[in-house]
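Notes follow once the structure below has been shown.
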Amino acid sequence: MLAGGGPRRGGAEAPRGLKPALRLFQAPEGLPAAVRYNDFTMFRAIKEQIDTIFREDPAATGVLEIVFCYPGLHAILLHRVAHKLYGWRWRFVARFISQIGRALTGIEIHPGAKIGRRFFIDHGMGVVIGETAEVGDDVLLYQGVTLGGTGKEQGKRHPTLGNHVVVGTGAKVLGNIRIGDHVKIGAGSVVIHPVPDHSTVVGIPGRVVRARGAEVDEDSETLEHGKLPDPEAQEIEDLARRVAELETQVRALTGAVAPPPVGSHPQEPV
Ligand SMILES: CC(C)(COP(=O)(O)OP(=O)(O)OC[C@H]1O[C@@H](n2cnc3c(N)ncnc32)[C@H](O)[C@@H]1OP(=O)(O)O)[C@@H](O)C(=O)NCCC(=O)NCCS
């Protein structure tokens, strides 16, 4: 189907005043809307992805290498197109593009998944991202990561990852749980409960071993699932305990220096 001359569905018009040479990059009228999707924004997004790979992967040596040899780049670019089509309810075409991406890269991203900016999948093979997964900005996944469902839920059944999350190789994050900002998930972990911001989670099932940079006591009750550490609540609890102690001390002191009985005269200075 051709897009024709109607209003564009895919985002911003090309900015006015751009140099004529740059206009060459503008996709010609008459191409399917999916191909013309976002025009200049699309080129900026590709550049941003390439910059991200340079930043995250010390092994990356040049733009050509990144463009042709990084399956993570191919997968996310195909996903951006598939997700757009999915939003337009072109469900079959969207799934088909997602399957092409899977065949080419070994990375399966459902077109319904919402993925933020500067997303990078290193190495790629074996990554699966489910339909209702949501991924924030600046997230890094290694090979073999699953953002999946537990198989029991309907509706939103995949995880939501915050910003600046790193998920180590082979880790599984399952169910409709929230993984906070700046969380690191260790290689091979299986995470099935929500994780607070600034934490490191390792093991099966995933346990928080670091919260805001501080080690978490392995024997502590706070490692029980459903009682994951909350540093702010801990601070408030400590303050409340301190206030209670001070109140007890003040009561003891005021009891020792009792106020003079009513009607008595204060002692005259000698
Ligand atoms: C979890 C991870 C991000 C490190 O986070 P960190 O905040 O720096 O934590 P530390 O390295 O201080 O480790 C904290 C504790 O968890 C343990 N740990 C770290 N990674 C672990 C893992 N994947 N599985 C189990 N335990 C792990 C450490 O041994 C340490 O335990 P200790 O305090 O008893 O010694 C890192 O170990 C990891 O798994 N990164 C993924 C990297 C990856 O997938 N690379 C693939 C490249 S192809």
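Labels used: A, B, ... for chains in the order of the structure tokens, numbers from 1 for residues in each chain, and numbers from 1 for ligands as shown.
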**All residues 6 Å or closer to segment 175-183 of chain A, only C-alpha atoms, same chain fewer than 4 positions away omitted, as a count of residues only** = 18
**Request:** From segment 13-203 of chain A, collect each residue whose DSSP state is alpha helix (DSSP H) and return the set as a PyMOL selection string.
**Result:** chain A and resi 20-23+33-36+39-56+63-69+71-87+91-105
**Request:** Pick out the residues sitting within 6 Å of segment 112-128 of chain A, and hand them over as a ChimeraX atom specification; count only C-alpha atoms, and ignore anything fewer than 2 positions along from it in its own chain.
**Result:** /A:49,52,72,83,106-110,131-146
Mind writing the picked residues with N, CA and C atoms as an mmCIF file, in the first residue's frame?
data_model
loop_
_atom_site.group_PDB
_atom_site.id
_atom_site.type_symbol
_atom_site.label_atom_id
_atom_site.label_comp_id
_atom_site.auth_asym_id
_atom_site.auth_seq_id
_atom_site.Cartn_x
_atom_site.Cartn_y
_atom_site.Cartn_z
ATOM 1 N N GLN A 49 22.067 5.379 18.035
ATOM 2 C CA GLN A 49 22.329 3.954 18.324
ATOM 3 C C GLN A 49 23.807 3.636 18.101
ATOM 4 N N THR A 52 25.866 4.960 20.840
ATOM 5 C CA THR A 52 25.681 4.141 22.049
ATOM 6 C C THR A 52 26.588 2.920 21.998
ATOM 7 N N GLY A 72 22.679 -6.436 17.441
ATOM 8 C CA GLY A 72 21.865 -5.621 18.354
ATOM 9 C C GLY A 72 21.328 -4.383 17.646
ATOM 10 N N HIS A 83 7.363 -1.882 15.519
ATOM 11 C CA HIS A 83 6.548 -1.319 16.604
ATOM 12 C C HIS A 83 5.597 -0.244 16.059
ATOM 13 N N GLY A 106 18.935 -13.580 15.728
ATOM 14 C CA GLY A 106 18.753 -14.432 16.908
ATOM 15 C C GLY A 106 18.124 -13.679 18.065
ATOM 16 N N ILE A 107 17.641 -12.458 17.792
ATOM 17 C CA ILE A 107 17.006 -11.640 18.839
ATOM 18 C C ILE A 107 15.526 -11.539 18.506
ATOM 19 N N GLU A 108 14.671 -11.943 19.452
ATOM 20 C CA GLU A 108 13.230 -11.879 19.181
ATOM 21 C C GLU A 108 12.609 -10.792 20.037
ATOM 22 N N ILE A 109 12.213 -9.721 19.395
ATOM 23 C CA ILE A 109 11.528 -8.634 20.123
ATOM 24 C C ILE A 109 10.114 -8.567 19.581
ATOM 25 N N HIS A 110 9.139 -8.790 20.445
ATOM 26 C CA HIS A 110 7.753 -8.698 19.989
ATOM 27 C C HIS A 110 7.484 -7.253 19.574
ATOM 28 N N GLU A 131 5.728 -9.202 24.533
ATOM 29 C CA GLU A 131 4.821 -8.197 23.961
ATOM 30 C C GLU A 131 4.576 -6.993 24.870
ATOM 31 N N THR A 132 4.377 -7.240 26.174
ATOM 32 C CA THR A 132 4.011 -6.115 27.047
ATOM 33 C C THR A 132 5.199 -5.620 27.872
ATOM 34 N N ALA A 133 6.412 -6.028 27.457
ATOM 35 C CA ALA A 133 7.607 -5.524 28.150
ATOM 36 C C ALA A 133 7.784 -4.037 27.857
ATOM 37 N N GLU A 134 8.298 -3.308 28.856
ATOM 38 C CA GLU A 134 8.631 -1.891 28.655
ATOM 39 C C GLU A 134 10.053 -1.679 29.138
ATOM 40 N N VAL A 135 10.827 -0.984 28.318
ATOM 41 C CA VAL A 135 12.249 -0.813 28.625
ATOM 42 C C VAL A 135 12.548 0.684 28.579
ATOM 43 N N GLY A 136 13.204 1.185 29.623
ATOM 44 C CA GLY A 136 13.512 2.624 29.701
ATOM 45 C C GLY A 136 14.660 3.014 28.776
ATOM 46 N N ASP A 137 15.236 4.181 29.051
ATOM 47 C CA ASP A 137 16.357 4.675 28.239
ATOM 48 C C ASP A 137 17.677 4.116 28.769
ATOM 49 N N ASP A 138 18.670 4.044 27.889
ATOM 50 C CA ASP A 138 20.036 3.661 28.256
ATOM 51 C C ASP A 138 20.102 2.292 28.932
ATOM 52 N N VAL A 139 19.386 1.349 28.369
ATOM 53 C CA VAL A 139 19.385 -0.013 28.928
ATOM 54 C C VAL A 139 20.303 -0.895 28.094
ATOM 55 N N LEU A 140 21.058 -1.759 28.795
ATOM 56 C CA LEU A 140 21.996 -2.662 28.121
ATOM 57 C C LEU A 140 21.634 -4.106 28.466
ATOM 58 N N LEU A 141 21.409 -4.931 27.439
ATOM 59 C CA LEU A 141 21.154 -6.360 27.644
ATOM 60 C C LEU A 141 22.281 -7.142 26.982
ATOM 61 N N TYR A 142 22.692 -8.228 27.624
ATOM 62 C CA TYR A 142 23.647 -9.134 26.987
ATOM 63 C C TYR A 142 22.893 -10.316 26.384
ATOM 64 N N GLN A 143 23.660 -11.192 25.733
ATOM 65 C CA GLN A 143 23.026 -12.308 25.031
ATOM 66 C C GLN A 143 22.274 -13.230 25.997
ATOM 67 N N GLY A 144 21.229 -13.857 25.479
ATOM 68 C CA GLY A 144 20.490 -14.856 26.256
ATOM 69 C C GLY A 144 19.553 -14.293 27.296
ATOM 70 N N VAL A 145 19.298 -12.995 27.281
ATOM 71 C CA VAL A 145 18.386 -12.404 28.279
ATOM 72 C C VAL A 145 16.936 -12.615 27.844
ATOM 73 N N THR A 146 16.086 -12.946 28.803
ATOM 74 C CA THR A 146 14.641 -13.043 28.528
ATOM 75 C C THR A 146 13.904 -12.020 29.388
#
**Request:** Enter the distance from atom CA of Ile50 of chain A to atom CA of Trp88 of chain A, in Å, rounded to one decimal.
**Result:**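 Computing the Euclidean distance for atom CA of Ile50 of chain A and atom CA of Trp88 of chain A yields 27.3 Å.
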Give one line per residue of chain A that approaches ligand 1 to at most 6 Å, naming the two atoms of the closest pair and their distance in Å to one decimal, counting only C-alpha atoms and all ligand atoms; sort by chain then ascending residue number and deliver it as a tab-separated table.
residue	atom	partner	partner_atom_place_in_ligand_line	distance
A:Tyr142	CA	ligand 1	44 (O)	5.6
A:Gly168	CA	ligand 1	44 (O)	3.2
A:Thr169	CA	ligand 1	44 (O)	3.7
A:Lys184	CA	ligand 1	3 (C)	4.9
A:Ile185	CA	ligand 1	1 (C)	5.4
A:Gly186	CA	ligand 1	39 (O)	3.2
A:Ala187	CA	ligand 1	23 (N)	3.8
A:Gly188	CA	ligand 1	23 (N)	5.7
A:Thr200	CA	ligand 1	7 (O)	5.2
A:Val202	CA	ligand 1	25 (C)	4.8
A:Gly203	CA	ligand 1	25 (C)	4.8
A:Val209	CA	ligand 1	15 (C)	5.9
**Item:** Pairwise distance for atom CA of Gly130 of chain A and atom CA of Leu147 of chain A, rounded to one decimal in Å
**Value:**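 A separation of 6.1 Å between them.
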**segment 44-232 of chain A: residues DSSP assigns to strand (DSSP E or B), reported as a PyMOL selection string** = chain A and resi 107-109+114-115+120-121+127-129+134-135+140-141+146-148+160-161+166-167+172-174+178-179+184-185+190-191+195+199-202+207-211+214-215
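Interatomic distance, atom CA of Asp238 of chain A to atom CA of Pro205 of chain A: 29.3 Å.
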